[in-house]
Amino acid sequence: MQTSEAKDKVEGALNYNFDEPEEETTFQVPRLDDLCVRLLAENLNRFPALDHMKSEYITSTIELVNTKKISYSMAAQYIKNEVFWQKSALERWPNRPHVISEHGMSWRRLYAEYHISEQFERYYPSKCGTNLNSLVHEVGYAKPFVQTIKFRQLRAEINLSRVLGDFQNLQTLDLTYGNRETGMGYEKSTFGMKIKDALSLSRLIANSRSLTRIMLRENLLNDEAIQVLTSGMSRNNTITFLDLSHNRIGDLGAQCIAKLLARGSILIDLNLGDNAIKKSGALYLSHALSQNDVLGSLSMRQNQITDEGGAAILNALMMNSSLSELDLGANRLGGQTGEALLKTLTRNKTLSTINLSVNKVVTDHKGKALIVALKKNKSLTRLDLRRNAEQPVLDSISKLLRPREVRQKQMNRKRYQAGWDLIDD
């Protein structure tokens with residue numbers, strides 16, 4: 001076999017045509033600017049010069065950057081480019097929703113708010129306090145960009161007033177204490193806001209000059225925690241939206257909130273749904289409503305408010321000129337509340353939406369009187385009485401109010417468009 005191979009080589013050499021030129025092997029030398037782009041991309045964490053490059057090289061540089069090797073502390077200080085932050089966010093959180101409209105149309109802000117939430121939710125306290133110091137240092141780089149913070153599982157006691165006290169642009173705070181990934185290792189003590197947490201949050205609220213929206217849903221808040229939180233809110237003059245739904249607030253907590261409303265609070269939207277407020281708490285809040293001229297929306301759905309408490313709230317609205325939306329659905333309301341509703345409709349000119357569903361407010365007889373009152377009242381556009389009245393009464397109410405609701409939506413759409421037209425001009 002070796003003899004045959006040798007023979008083939010000899011024949012190939014004898015038949016070689018020396019007149020034909022050999023195929024040339026070409027070697028393409030990389031362009032100097034391509035080499036520079038690659039070098040900058042590989043060393044961006046050491047030399048963050050992305051914002052100082054010529055525009056024609058920025059896109060190709062970002063395409064070559066490994067964003068997972070770029071430290072946030074460096075990028076937050078020196079990189080503004082939105083394409084870089086978009087790539088960083090999509091690569092770090094591929095499975096999270098990236099609704100940029102919820103972050104001021106800024107990928108840089110989206111990344112900062114996601115990053116700070118992740119840092120908080122992964123935090124565990126240490127005896128010497130090094131973990132807290134590290135957290136304060138790391139989230140400090142996001143300070144200029146963060147306006148909204150959403151924590152879905154705060155698992156440790158954190159002094160929020162210390163960590164977030166210098167966040168001068170923070171407008172929305174959405175907190176839920178607990179561990180959603182506990183699995184079989186459930187421990188009751190890891191869920192809910194403790195008094196120590198309420199104290200630190202109260203200090204943060206009292207000192208804030210930028211917070212406007214606070215959501216504290218599903219935190220097992222009791223009356224004691226509400227007393228602590230409202231003490232901080234009484235010294236705040238910026239918060240207009242407060243959501244305390246799905247907690248354990250009782251009559252004493254409602255009394256603290258009522259005092260807040262009666263003392264010149266600027267709250268516009270208050271949600272107390274799914275708590276344990278009964279008759280006394282409703283009476284406290286009704287007295288506050290008769291003195292308040294700022295609150296625009298109140299939800300007390302799914303509490304334990306009695307008929308007398310519901311009637312007191314509606315009677316208070318005869319002296320209120322600000323509230324436009326009221327939700328008392330799924331309570332224990334009955335005939336007294338129905339009578340109060342008729343009186344309120346004859347005098348109140350600001351209520352546009354009332355929800356009294358899943359109660360026993362309206363009988364067939366009162367349903368007819370209610371239709372008469374609704375025809376005289378021109379401000380109400382929606383009245384929810386499902387599981388109160390018979391279907392014919394509900395149909396009559398819907399037939400009467402549906403055109404008003406449509407007109408209101410058309411007016412709101414025109415106002416919205418007019419606002420955009422002013423911006424365009």
# chains A, B, ... in the order shown; residues from 1 in each chain; ligands from 1
$ residues_around --residues "region 316-330 of chain A" --least-positions-apart "2" --cutoff "9 Å" --atoms "only C-alpha atoms" --output "short mmCIF file (atom, residue, chain, number, x, y, z; two decimals) with C-alpha atoms, in the first residue's frame"
data_model
loop_
_atom_site.label_atom_id
_atom_site.label_comp_id
_atom_site.auth_asym_id
_atom_site.auth_seq_id
_atom_site.Cartn_x
_atom_site.Cartn_y
_atom_site.Cartn_z
CA ILE A 268 -56.46 62.17 47.50
CA GLY A 273 -60.12 47.41 51.48
CA SER A 286 -67.46 59.41 58.69
CA HIS A 287 -66.72 62.24 61.10
CA ALA A 288 -63.40 62.86 59.29
CA LEU A 289 -65.12 62.89 55.90
CA SER A 290 -67.51 65.60 57.06
CA GLN A 291 -64.46 67.83 57.72
CA ASN A 292 -62.20 66.78 54.84
CA ASP A 293 -62.29 68.65 51.53
CA VAL A 294 -59.37 66.96 49.72
CA LEU A 295 -59.94 63.19 49.58
CA GLY A 296 -61.25 62.14 46.17
CA SER A 297 -61.42 58.34 46.37
CA LEU A 298 -62.11 56.02 49.34
CA SER A 299 -62.31 52.22 49.29
CA MET A 300 -63.48 50.30 52.35
CA ARG A 301 -64.49 47.18 50.47
CA GLN A 302 -64.52 43.81 52.27
CA ASN A 303 -64.48 45.02 55.84
CA GLN A 304 -67.01 44.33 58.60
CA ILE A 305 -68.86 47.65 58.51
CA GLY A 310 -72.39 52.57 56.30
CA ALA A 311 -75.25 55.02 56.85
CA ALA A 312 -72.94 57.32 58.81
CA ILE A 313 -70.41 57.42 55.96
CA LEU A 314 -73.05 58.26 53.35
CA ARG A 332 -72.80 44.28 56.25
CA LEU A 333 -74.93 47.16 55.01
CA LYS A 343 -80.64 61.48 51.05
CA THR A 344 -77.04 61.79 49.85
CA LEU A 345 -78.03 61.66 46.19
CA THR A 346 -80.36 64.63 46.70
CA ARG A 347 -77.63 66.86 48.18
CA ASN A 348 -74.21 65.64 47.05
CA LYS A 349 -73.00 67.05 43.71
CA THR A 350 -69.51 65.52 43.47
CA LEU A 351 -69.92 61.74 43.77
CA SER A 352 -69.49 60.06 40.39
CA THR A 353 -68.99 56.39 41.40
CA ILE A 354 -70.56 54.41 44.27
CA ASN A 355 -70.04 50.69 44.83
CA LEU A 356 -72.42 49.02 47.30
CA SER A 357 -72.37 45.55 45.76
CA VAL A 358 -72.71 42.36 47.84
CA ASN A 359 -74.79 44.00 50.59
CA LEU A 380 -73.33 60.13 39.43
CA ASP A 384 -72.92 49.20 41.51
CA LEU A 385 -75.73 47.42 43.35
#
$ select_by_dssp --residues "region 118-267 of chain A" --states "strand (DSSP E)" --output "list in words"
Thr148, Ile149, Lys150, Phe151, Arg152, Gln153, Leu154, Thr172, Leu173, Asp174, Leu175, Thr176, Tyr177, Arg213, Ile214, Met215, Phe241, Leu242 and Asp243 of chain A
$ select_by_dssp --residues "region 171-297 of chain A" --states "alpha helix (DSSP H)" --output "PyMOL selection string"
chain A and resi 195-207+223-233+251-262+279-289
$ atom_distance --atom1 "CA of Ser202 (chain A)" --atom2 "CA of Asp174 (chain A)"
14.2 Å
$ closest_residue --among "A:Glu218, A:Asp243, A:Asp33, A:Glu42" --to "Ile257 (chain A)" --atoms "only C-alpha atoms"
A:Asp243
$ closest_residue --among "A:Lys376, A:Lys360, A:Arg152, A:His115" --to "Arg217 (chain A)" --atoms "only C-alpha atoms"
A:Arg152
$ closest_residue --among "A:Gln28, A:Ser60, A:Asn412, A:Ser134" --to "Gln119 (chain A)" --atoms "only C-alpha atoms"
A:Ser134
$ decode --residues "region 281-293 of chain A" --atoms "all heavy atoms" --output "PDB file, in the first residue's frame"
ATOM      1  N   GLY A 281     -65.016  52.064  63.716  1.00  0.00           N
ATOM      2  CA  GLY A 281     -64.060  52.610  62.745  1.00  0.00           C
ATOM      3  C   GLY A 281     -64.758  53.398  61.656  1.00  0.00           C
ATOM      4  O   GLY A 281     -64.270  54.457  61.228  1.00  0.00           O
ATOM      5  N   ALA A 282     -65.913  52.904  61.204  1.00  0.00           N
ATOM      6  CA  ALA A 282     -66.673  53.626  60.183  1.00  0.00           C
ATOM      7  C   ALA A 282     -67.183  54.961  60.711  1.00  0.00           C
ATOM      8  O   ALA A 282     -67.201  55.972  59.986  1.00  0.00           O
ATOM      9  CB  ALA A 282     -67.831  52.767  59.699  1.00  0.00           C
ATOM     10  N   LEU A 283     -67.588  54.999  61.970  1.00  0.00           N
ATOM     11  CA  LEU A 283     -68.060  56.250  62.557  1.00  0.00           C
ATOM     12  C   LEU A 283     -66.933  57.266  62.666  1.00  0.00           C
ATOM     13  O   LEU A 283     -67.131  58.459  62.402  1.00  0.00           O
ATOM     14  CB  LEU A 283     -68.666  55.987  63.937  1.00  0.00           C
ATOM     15  CG  LEU A 283     -69.954  55.158  63.961  1.00  0.00           C
ATOM     16  CD1 LEU A 283     -70.404  54.891  65.397  1.00  0.00           C
ATOM     17  CD2 LEU A 283     -71.062  55.858  63.181  1.00  0.00           C
ATOM     18  N   TYR A 284     -65.740  56.812  63.055  1.00  0.00           N
ATOM     19  CA  TYR A 284     -64.581  57.715  63.103  1.00  0.00           C
ATOM     20  C   TYR A 284     -64.309  58.305  61.717  1.00  0.00           C
ATOM     21  O   TYR A 284     -64.105  59.519  61.568  1.00  0.00           O
ATOM     22  CB  TYR A 284     -63.341  56.963  63.580  1.00  0.00           C
ATOM     23  CG  TYR A 284     -63.364  56.552  65.027  1.00  0.00           C
ATOM     24  CD1 TYR A 284     -63.037  55.251  65.407  1.00  0.00           C
ATOM     25  CD2 TYR A 284     -63.680  57.464  66.027  1.00  0.00           C
ATOM     26  CE1 TYR A 284     -63.043  54.854  66.739  1.00  0.00           C
ATOM     27  CE2 TYR A 284     -63.691  57.081  67.367  1.00  0.00           C
ATOM     28  CZ  TYR A 284     -63.366  55.772  67.717  1.00  0.00           C
ATOM     29  OH  TYR A 284     -63.373  55.403  69.036  1.00  0.00           O
ATOM     30  N   LEU A 285     -64.329  57.451  60.710  1.00  0.00           N
ATOM     31  CA  LEU A 285     -64.027  57.910  59.354  1.00  0.00           C
ATOM     32  C   LEU A 285     -65.128  58.810  58.801  1.00  0.00           C
ATOM     33  O   LEU A 285     -64.854  59.758  58.053  1.00  0.00           O
ATOM     34  CB  LEU A 285     -63.813  56.705  58.434  1.00  0.00           C
ATOM     35  CG  LEU A 285     -62.510  55.938  58.676  1.00  0.00           C
ATOM     36  CD1 LEU A 285     -62.529  54.590  57.973  1.00  0.00           C
ATOM     37  CD2 LEU A 285     -61.305  56.762  58.189  1.00  0.00           C
ATOM     38  N   SER A 286     -66.361  58.553  59.166  1.00  0.00           N
ATOM     39  CA  SER A 286     -67.459  59.408  58.694  1.00  0.00           C
ATOM     40  C   SER A 286     -67.320  60.824  59.256  1.00  0.00           C
ATOM     41  O   SER A 286     -67.565  61.812  58.548  1.00  0.00           O
ATOM     42  CB  SER A 286     -68.811  58.808  59.105  1.00  0.00           C
ATOM     43  OG  SER A 286     -68.975  58.839  60.518  1.00  0.00           O
ATOM     44  N   HIS A 287     -66.924  60.912  60.503  1.00  0.00           N
ATOM     45  CA  HIS A 287     -66.716  62.240  61.105  1.00  0.00           C
ATOM     46  C   HIS A 287     -65.591  62.975  60.378  1.00  0.00           C
ATOM     47  O   HIS A 287     -65.687  64.191  60.126  1.00  0.00           O
ATOM     48  CB  HIS A 287     -66.385  62.082  62.593  1.00  0.00           C
ATOM     49  CG  HIS A 287     -66.138  63.389  63.291  1.00  0.00           C
ATOM     50  ND1 HIS A 287     -67.145  64.308  63.539  1.00  0.00           N
ATOM     51  CD2 HIS A 287     -64.994  63.942  63.788  1.00  0.00           C
ATOM     52  CE1 HIS A 287     -66.634  65.365  64.152  1.00  0.00           C
ATOM     53  NE2 HIS A 287     -65.335  65.167  64.327  1.00  0.00           N
ATOM     54  N   ALA A 288     -64.510  62.241  60.015  1.00  0.00           N
ATOM     55  CA  ALA A 288     -63.396  62.865  59.293  1.00  0.00           C
ATOM     56  C   ALA A 288     -63.826  63.317  57.913  1.00  0.00           C
ATOM     57  O   ALA A 288     -63.427  64.390  57.434  1.00  0.00           O
ATOM     58  CB  ALA A 288     -62.230  61.889  59.203  1.00  0.00           C
ATOM     59  N   LEU A 289     -64.668  62.531  57.246  1.00  0.00           N
ATOM     60  CA  LEU A 289     -65.124  62.889  55.904  1.00  0.00           C
ATOM     61  C   LEU A 289     -65.960  64.162  55.912  1.00  0.00           C
ATOM     62  O   LEU A 289     -65.943  64.938  54.947  1.00  0.00           O
ATOM     63  CB  LEU A 289     -65.942  61.743  55.297  1.00  0.00           C
ATOM     64  CG  LEU A 289     -65.161  60.502  54.863  1.00  0.00           C
ATOM     65  CD1 LEU A 289     -66.109  59.396  54.434  1.00  0.00           C
ATOM     66  CD2 LEU A 289     -64.203  60.849  53.725  1.00  0.00           C
ATOM     67  N   SER A 290     -66.688  64.386  56.978  1.00  0.00           N
ATOM     68  CA  SER A 290     -67.507  65.598  57.057  1.00  0.00           C
ATOM     69  C   SER A 290     -66.654  66.852  57.183  1.00  0.00           C
ATOM     70  O   SER A 290     -67.135  67.966  56.926  1.00  0.00           O
ATOM     71  CB  SER A 290     -68.464  65.502  58.253  1.00  0.00           C
ATOM     72  OG  SER A 290     -67.739  65.475  59.481  1.00  0.00           O
ATOM     73  N   GLN A 291     -65.363  66.678  57.562  1.00  0.00           N
ATOM     74  CA  GLN A 291     -64.459  67.827  57.724  1.00  0.00           C
ATOM     75  C   GLN A 291     -63.420  67.913  56.604  1.00  0.00           C
ATOM     76  O   GLN A 291     -62.790  68.947  56.434  1.00  0.00           O
ATOM     77  CB  GLN A 291     -63.733  67.724  59.067  1.00  0.00           C
ATOM     78  CG  GLN A 291     -64.661  67.693  60.271  1.00  0.00           C
ATOM     79  CD  GLN A 291     -63.911  67.522  61.574  1.00  0.00           C
ATOM     80  OE1 GLN A 291     -62.690  67.612  61.616  1.00  0.00           O
ATOM     81  NE2 GLN A 291     -64.631  67.281  62.650  1.00  0.00           N
ATOM     82  N   ASN A 292     -63.248  66.835  55.859  1.00  0.00           N
ATOM     83  CA  ASN A 292     -62.199  66.785  54.841  1.00  0.00           C
ATOM     84  C   ASN A 292     -62.719  67.316  53.507  1.00  0.00           C
ATOM     85  O   ASN A 292     -63.841  67.018  53.108  1.00  0.00           O
ATOM     86  CB  ASN A 292     -61.716  65.341  54.686  1.00  0.00           C
ATOM     87  CG  ASN A 292     -60.570  65.208  53.708  1.00  0.00           C
ATOM     88  OD1 ASN A 292     -60.753  65.243  52.510  1.00  0.00           O
ATOM     89  ND2 ASN A 292     -59.375  65.046  54.250  1.00  0.00           N
ATOM     90  N   ASP A 293     -61.897  68.109  52.828  1.00  0.00           N
ATOM     91  CA  ASP A 293     -62.288  68.649  51.526  1.00  0.00           C
ATOM     92  C   ASP A 293     -61.229  68.377  50.461  1.00  0.00           C
ATOM     93  O   ASP A 293     -61.135  69.116  49.478  1.00  0.00           O
ATOM     94  CB  ASP A 293     -62.561  70.151  51.623  1.00  0.00           C
ATOM     95  CG  ASP A 293     -61.347  70.928  52.122  1.00  0.00           C
ATOM     96  OD1 ASP A 293     -60.313  70.297  52.458  1.00  0.00           O
ATOM     97  OD2 ASP A 293     -61.418  72.165  52.184  1.00  0.00           O
TER      98      ASP A 293
END
